[in-house]
Amino acid sequence: MRLTTRALCGAARTAWRESFPLDGRDVARWFPGHMAKGLKKMQSSLKLVDCIIEVHDARIPLSGRNPLFQETLGLKPHLLVLNKMDLADMKEQQKIIQHLEGEGLKNVIFTNCVKDENIKQIIPKVTELVGSSYRYHRGENLEYCIMVIGVPNVGKSSLINSLRRQHLRKGKATRVGGEPGITRAVMSRIQVCERPLMFLLDTPGVLAPRIQSVETGLKLALCGTVLDHLVGEETLADYLLYTLNRRQLLGYVQHYGLGEACDDITSVLKRVAVKLRKTQKVKVLTGTGDVNVVQPNYPAAARDFLRAFRSGVLGPVMLDRDLLQGPPAAEP
């Protein structure tokens, strides 16, 4: 089947604009009190911090980072950790690094905290950055205090636990989860290394109160930085299908046994629901009375589609590929 290359579907744009505060509406819904308090608490803890590790999702290395971090956290040494590299298409890794260097980000490490990939690079890099900078208010203190920041659900707590496994041979110190909002407050210091003596501060994920574009918001939502129901599982599934087809990443066809690719999300979700036996009985009023009709459970099918993408079952994806080709196109 030949797929049509469609623009970002109007339904997704409309649904997203209705739920996302691009024009400043309903900011509290997306920038709740614990985020604002968390940002203030981060600022108040800065005098104790030697370096900042910003964690972000490797599938969106060029979009969705919170600009408020740079504005509020000052000029501390900064390391960008692009986590979940196992879920990202890394063919253009060098282009990503060059693009970030052009934005002034010269210290970047790609990681996979599930398998502790590249984790051993972090402590030496932090030590180097701190050693080449002036340690404000820290005097001759030989221990290092590092603050871990980022938008929700990018793996900040997983990074801390991974560092502890590598350097202390100890288990979890912070709770992790597959949805945003697990870490709700700036925690006490967590030791992650003995030599050098290093402590990390885990912080709550903080989204920018305004997202620069509809598509950036959809990418963030696909990566799980906001709760799905706030956007709509079917809206996200539609954008995911559009993205996979546009990139010719058709692993979903084989995974769900669809036979061929399709760019109609309703048709895809119907077939997914039937295959997974995710159906529901619905009463339909007819001229002869109520009739029970079996219908596909579209929300359940959409949730499974999103889960398959986020777990890597559909293959690695680089959601920011367009941005690597040049400056992002202006939205109509």
# chains A, B, ... in the order shown; residues from 1 in each chain; ligands from 1
call {"tool": "select_by_dssp", "arguments": {"residues": "range 293-330 of chain A", "states": "alpha helix (DSSP H)", "output": "JSON, numbers by chain"}}
result
{"A": [298, 299, 300, 301, 302, 303, 304, 305, 306, 307, 308, 309, 310, 321, 322, 323, 324]}
call {"tool": "write_last_selection", "arguments": {"atoms": "all heavy atoms", "output": "compact mmCIF listing (two decimals), in the first residue's frame"}}
result
# COMPACT_ATOMS: atom_id res chain seq x y z
N TYR A 298 -11.03 1.40 21.47
CA TYR A 298 -10.01 2.25 20.84
C TYR A 298 -9.01 2.82 21.85
O TYR A 298 -7.79 2.82 21.59
CB TYR A 298 -10.66 3.37 20.03
CG TYR A 298 -11.37 2.88 18.79
CD1 TYR A 298 -12.76 2.77 18.76
CD2 TYR A 298 -10.66 2.51 17.66
CE1 TYR A 298 -13.43 2.31 17.63
CE2 TYR A 298 -11.30 2.05 16.52
CZ TYR A 298 -12.69 1.95 16.51
OH TYR A 298 -13.34 1.49 15.39
N PRO A 299 -9.44 3.34 23.01
CA PRO A 299 -8.47 3.84 23.98
C PRO A 299 -7.48 2.77 24.44
O PRO A 299 -6.29 3.03 24.58
CB PRO A 299 -9.34 4.35 25.14
CG PRO A 299 -10.66 4.66 24.51
CD PRO A 299 -10.84 3.63 23.44
N ALA A 300 -7.98 1.54 24.67
CA ALA A 300 -7.09 0.46 25.10
C ALA A 300 -6.09 0.11 24.02
O ALA A 300 -4.91 -0.14 24.29
CB ALA A 300 -7.91 -0.77 25.49
N ALA A 301 -6.54 0.09 22.76
CA ALA A 301 -5.64 -0.19 21.64
C ALA A 301 -4.59 0.92 21.51
O ALA A 301 -3.42 0.64 21.25
CB ALA A 301 -6.45 -0.32 20.35
N ALA A 302 -5.02 2.17 21.70
CA ALA A 302 -4.08 3.29 21.62
C ALA A 302 -3.03 3.19 22.72
O ALA A 302 -1.84 3.44 22.48
CB ALA A 302 -4.83 4.62 21.73
N ARG A 303 -3.45 2.81 23.93
CA ARG A 303 -2.50 2.67 25.03
C ARG A 303 -1.47 1.58 24.72
O ARG A 303 -0.28 1.74 25.01
CB ARG A 303 -3.24 2.35 26.34
CG ARG A 303 -3.94 3.55 26.95
CD ARG A 303 -4.38 3.27 28.38
NE ARG A 303 -5.47 2.30 28.42
CZ ARG A 303 -6.76 2.62 28.31
NH1 ARG A 303 -7.12 3.87 28.11
NH2 ARG A 303 -7.70 1.67 28.38
N ASP A 304 -1.91 0.48 24.12
CA ASP A 304 -0.98 -0.59 23.79
C ASP A 304 0.00 -0.14 22.70
O ASP A 304 1.20 -0.46 22.75
CB ASP A 304 -1.75 -1.82 23.31
CG ASP A 304 -0.87 -3.07 23.28
OD1 ASP A 304 -0.82 -3.76 24.31
OD2 ASP A 304 -0.21 -3.32 22.24
N PHE A 305 -0.48 0.61 21.72
CA PHE A 305 0.36 1.15 20.64
C PHE A 305 1.44 2.06 21.23
O PHE A 305 2.63 1.95 20.87
CB PHE A 305 -0.55 1.91 19.67
CG PHE A 305 0.12 2.31 18.37
CD1 PHE A 305 1.14 1.57 17.81
CD2 PHE A 305 -0.33 3.44 17.70
CE1 PHE A 305 1.74 1.94 16.60
CE2 PHE A 305 0.24 3.83 16.50
CZ PHE A 305 1.27 3.09 15.95
N LEU A 306 1.05 2.94 22.14
CA LEU A 306 2.01 3.85 22.78
C LEU A 306 3.00 3.08 23.64
O LEU A 306 4.21 3.38 23.65
CB LEU A 306 1.27 4.88 23.64
CG LEU A 306 0.40 5.89 22.88
CD1 LEU A 306 -0.45 6.70 23.86
CD2 LEU A 306 1.25 6.82 22.03
N ARG A 307 2.51 2.07 24.36
CA ARG A 307 3.38 1.26 25.22
C ARG A 307 4.42 0.52 24.39
O ARG A 307 5.59 0.44 24.77
CB ARG A 307 2.52 0.28 26.03
CG ARG A 307 3.26 -0.39 27.18
CD ARG A 307 2.35 -1.37 27.92
NE ARG A 307 1.11 -0.76 28.34
CZ ARG A 307 -0.10 -1.11 27.91
NH1 ARG A 307 -0.23 -2.10 27.04
NH2 ARG A 307 -1.18 -0.50 28.35
N ALA A 308 4.00 0.01 23.23
CA ALA A 308 4.93 -0.71 22.36
C ALA A 308 6.02 0.23 21.85
O ALA A 308 7.21 -0.14 21.79
CB ALA A 308 4.17 -1.32 21.18
N PHE A 309 5.66 1.46 21.51
CA PHE A 309 6.65 2.44 21.07
C PHE A 309 7.63 2.78 22.19
O PHE A 309 8.85 2.77 22.00
CB PHE A 309 5.94 3.71 20.59
CG PHE A 309 6.85 4.92 20.51
CD1 PHE A 309 7.79 5.02 19.51
CD2 PHE A 309 6.75 5.94 21.46
CE1 PHE A 309 8.64 6.13 19.45
CE2 PHE A 309 7.58 7.04 21.40
CZ PHE A 309 8.53 7.14 20.39
N ARG A 310 7.09 3.07 23.37
CA ARG A 310 7.94 3.53 24.48
C ARG A 310 8.87 2.44 25.01
O ARG A 310 9.91 2.75 25.58
CB ARG A 310 7.05 4.07 25.60
CG ARG A 310 6.39 5.39 25.24
CD ARG A 310 5.30 5.78 26.20
NE ARG A 310 4.69 7.05 25.82
CZ ARG A 310 3.52 7.48 26.25
NH1 ARG A 310 2.81 6.71 27.10
NH2 ARG A 310 3.03 8.64 25.86
N ARG A 321 14.55 14.15 13.91
CA ARG A 321 15.33 14.04 12.67
C ARG A 321 15.19 15.27 11.79
O ARG A 321 16.16 15.73 11.18
CB ARG A 321 14.92 12.80 11.90
CG ARG A 321 15.60 12.65 10.54
CD ARG A 321 15.58 11.23 10.05
NE ARG A 321 16.44 10.39 10.86
CZ ARG A 321 16.35 9.05 10.88
NH1 ARG A 321 15.43 8.45 10.17
NH2 ARG A 321 17.17 8.35 11.63
N ASP A 322 13.99 15.84 11.70
CA ASP A 322 13.79 17.03 10.86
C ASP A 322 14.67 18.18 11.33
O ASP A 322 15.20 18.95 10.51
CB ASP A 322 12.33 17.47 10.90
CG ASP A 322 11.43 16.52 10.12
OD1 ASP A 322 11.97 15.63 9.43
OD2 ASP A 322 10.20 16.67 10.21
N LEU A 323 14.84 18.34 12.65
CA LEU A 323 15.63 19.44 13.18
C LEU A 323 17.11 19.28 12.86
O LEU A 323 17.86 20.27 12.85
CB LEU A 323 15.43 19.55 14.70
CG LEU A 323 14.00 19.81 15.17
CD1 LEU A 323 13.96 19.95 16.69
CD2 LEU A 323 13.43 21.06 14.52
N LEU A 324 17.54 18.05 12.61
CA LEU A 324 18.94 17.82 12.27
C LEU A 324 19.26 18.26 10.84
O LEU A 324 20.43 18.47 10.51
CB LEU A 324 19.29 16.32 12.42
CG LEU A 324 19.31 15.79 13.85
CD1 LEU A 324 19.43 14.27 13.83
CD2 LEU A 324 20.47 16.40 14.63
call {"tool": "residues_around", "arguments": {"residues": "range 103-119 of chain A", "least_positions_apart": "2", "cutoff": "10 Å", "atoms": "only C-alpha atoms", "output": "VMD selection string"}}
result
chain A and resid 53 to 58 61 to 62 77 to 87 90 93 96 to 101 121 to 123 125 to 126 129 155 to 163 165 to 167
call {"tool": "residues_around", "arguments": {"residues": "range 241-243 of chain A", "least_positions_apart": "2", "cutoff": "8 Å", "atoms": "only C-alpha atoms", "output": "ChimeraX atom specification"}}
result
/A:6,8,237-239,245-247,263,265,319
call {"tool": "atom_distance", "arguments": {"atom1": "CA of Thr127 in chain A", "atom2": "CA of Arg189 in chain A"}}
result
17.5 Å
call {"tool": "closest_residue", "arguments": {"among": "A:Met147, A:Val214, A:Leu220, A:Ala88", "to": "Gln191 in chain A", "atoms": "only C-alpha atoms"}}
result
A:Met147
call {"tool": "select_by_dssp", "arguments": {"residues": "range 91-125 of chain A", "states": "strand (DSSP E or B)", "output": "ChimeraX atom specification"}}
result
/A:108-110,112,117
call {"tool": "write_last_selection", "arguments": {"atoms": "N, CA and C atoms", "output": "PDB file, in the first residue's frame"}}
result
ATOM      1  N   VAL A 108      28.347  16.501  26.407  1.00  0.00           N
ATOM      2  CA  VAL A 108      27.162  15.673  26.180  1.00  0.00           C
ATOM      3  C   VAL A 108      27.560  14.204  26.277  1.00  0.00           C
ATOM      4  N   ILE A 109      26.767  13.422  27.012  1.00  0.00           N
ATOM      5  CA  ILE A 109      26.985  11.976  27.109  1.00  0.00           C
ATOM      6  C   ILE A 109      25.656  11.271  26.854  1.00  0.00           C
ATOM      7  N   PHE A 110      25.665  10.268  25.971  1.00  0.00           N
ATOM      8  CA  PHE A 110      24.484   9.441  25.714  1.00  0.00           C
ATOM      9  C   PHE A 110      24.535   8.237  26.651  1.00  0.00           C
ATOM     10  N   ASN A 112      22.279   4.699  28.579  1.00  0.00           N
ATOM     11  CA  ASN A 112      21.174   3.763  28.717  1.00  0.00           C
ATOM     12  C   ASN A 112      21.244   3.245  30.145  1.00  0.00           C
ATOM     13  N   GLU A 117      24.878   1.608  30.243  1.00  0.00           N
ATOM     14  CA  GLU A 117      25.765   1.993  29.137  1.00  0.00           C
ATOM     15  C   GLU A 117      26.269   3.416  29.312  1.00  0.00           C
TER      16      GLU A 117
END
call {"tool": "residues_around", "arguments": {"residues": "Arg65 in chain A", "least_positions_apart": "6", "cutoff": "9 Å", "atoms": "only C-alpha atoms", "output": "PyMOL selection string"}}
result
chain A and resi 56+150-151+207-208
call {"tool": "write_last_selection", "arguments": {"atoms": "N, CA and C atoms", "output": "mmCIF file, in the first residue's frame"}}
result
data_model
loop_
_atom_site.group_PDB
_atom_site.id
_atom_site.type_symbol
_atom_site.label_atom_id
_atom_site.label_comp_id
_atom_site.auth_asym_id
_atom_site.auth_seq_id
_atom_site.Cartn_x
_atom_site.Cartn_y
_atom_site.Cartn_z
ATOM 1 N N HIS A 56 17.974 14.373 29.670
ATOM 2 C CA HIS A 56 16.911 14.551 28.675
ATOM 3 C C HIS A 56 16.785 13.265 27.872
ATOM 4 N N GLY A 150 15.892 18.107 34.937
ATOM 5 C CA GLY A 150 15.338 17.691 33.653
ATOM 6 C C GLY A 150 13.830 17.761 33.656
ATOM 7 N N VAL A 151 13.239 17.609 32.482
ATOM 8 C CA VAL A 151 11.782 17.539 32.390
ATOM 9 C C VAL A 151 11.334 16.190 32.956
ATOM 10 N N LEU A 207 8.550 20.911 33.585
ATOM 11 C CA LEU A 207 8.278 21.321 32.210
ATOM 12 C C LEU A 207 8.264 22.835 32.111
ATOM 13 N N ALA A 208 8.588 23.355 30.942
ATOM 14 C CA ALA A 208 8.410 24.784 30.705
ATOM 15 C C ALA A 208 6.916 25.096 30.747
#
call {"tool": "residues_around", "arguments": {"residues": "Leu73 in chain A", "least_positions_apart": "2", "cutoff": "10 Å", "atoms": "only C-alpha atoms", "output": "number ranges by chain"}}
result
A: 39-40, 42-46, 52, 68-71, 75-76, 78
call {"tool": "atom_distance", "arguments": {"atom1": "CA of Leu258 in chain A", "atom2": "CA of Ala273 in chain A"}}
result
11.5 Å
call {"tool": "residues_around", "arguments": {"residues": "range 251-256 of chain A", "least_positions_apart": "6", "cutoff": "7 Å", "atoms": "only C-alpha atoms", "output": "list in words"}}
result
Val272, Leu314 and Gly315 of chain A
call {"tool": "residues_around", "arguments": {"residues": "Leu197 in chain A", "least_positions_apart": "6", "cutoff": "10 Å", "atoms": "only C-alpha atoms", "output": "PyMOL selection string"}}
result
chain A and resi 142-145+191
call {"tool": "write_last_selection", "arguments": {"atoms": "N, CA, C and O atoms", "output": "PDB file, in the first residue's frame"}}
result
ATOM      1  N   LEU A 142      36.211  18.933  50.010  1.00  0.00           N
ATOM      2  CA  LEU A 142      36.683  17.968  49.020  1.00  0.00           C
ATOM      3  C   LEU A 142      35.568  17.138  48.396  1.00  0.00           C
ATOM      4  O   LEU A 142      35.792  16.461  47.400  1.00  0.00           O
ATOM      5  N   GLU A 143      34.384  17.180  48.980  1.00  0.00           N
ATOM      6  CA  GLU A 143      33.292  16.404  48.399  1.00  0.00           C
ATOM      7  C   GLU A 143      32.590  17.197  47.301  1.00  0.00           C
ATOM      8  O   GLU A 143      32.657  18.419  47.259  1.00  0.00           O
ATOM      9  N   TYR A 144      31.937  16.459  46.414  1.00  0.00           N
ATOM     10  CA  TYR A 144      31.229  17.073  45.295  1.00  0.00           C
ATOM     11  C   TYR A 144      29.727  16.935  45.518  1.00  0.00           C
ATOM     12  O   TYR A 144      29.251  15.880  45.938  1.00  0.00           O
ATOM     13  N   CYS A 145      29.008  18.008  45.213  1.00  0.00           N
ATOM     14  CA  CYS A 145      27.545  17.971  45.282  1.00  0.00           C
ATOM     15  C   CYS A 145      27.002  18.334  43.897  1.00  0.00           C
ATOM     16  O   CYS A 145      27.274  19.419  43.381  1.00  0.00           O
ATOM     17  N   GLN A 191      24.473   9.626  48.064  1.00  0.00           N
ATOM     18  CA  GLN A 191      25.846   9.318  47.676  1.00  0.00           C
ATOM     19  C   GLN A 191      25.843   8.398  46.460  1.00  0.00           C
ATOM     20  O   GLN A 191      25.117   7.404  46.408  1.00  0.00           O
TER      21      GLN A 191
END
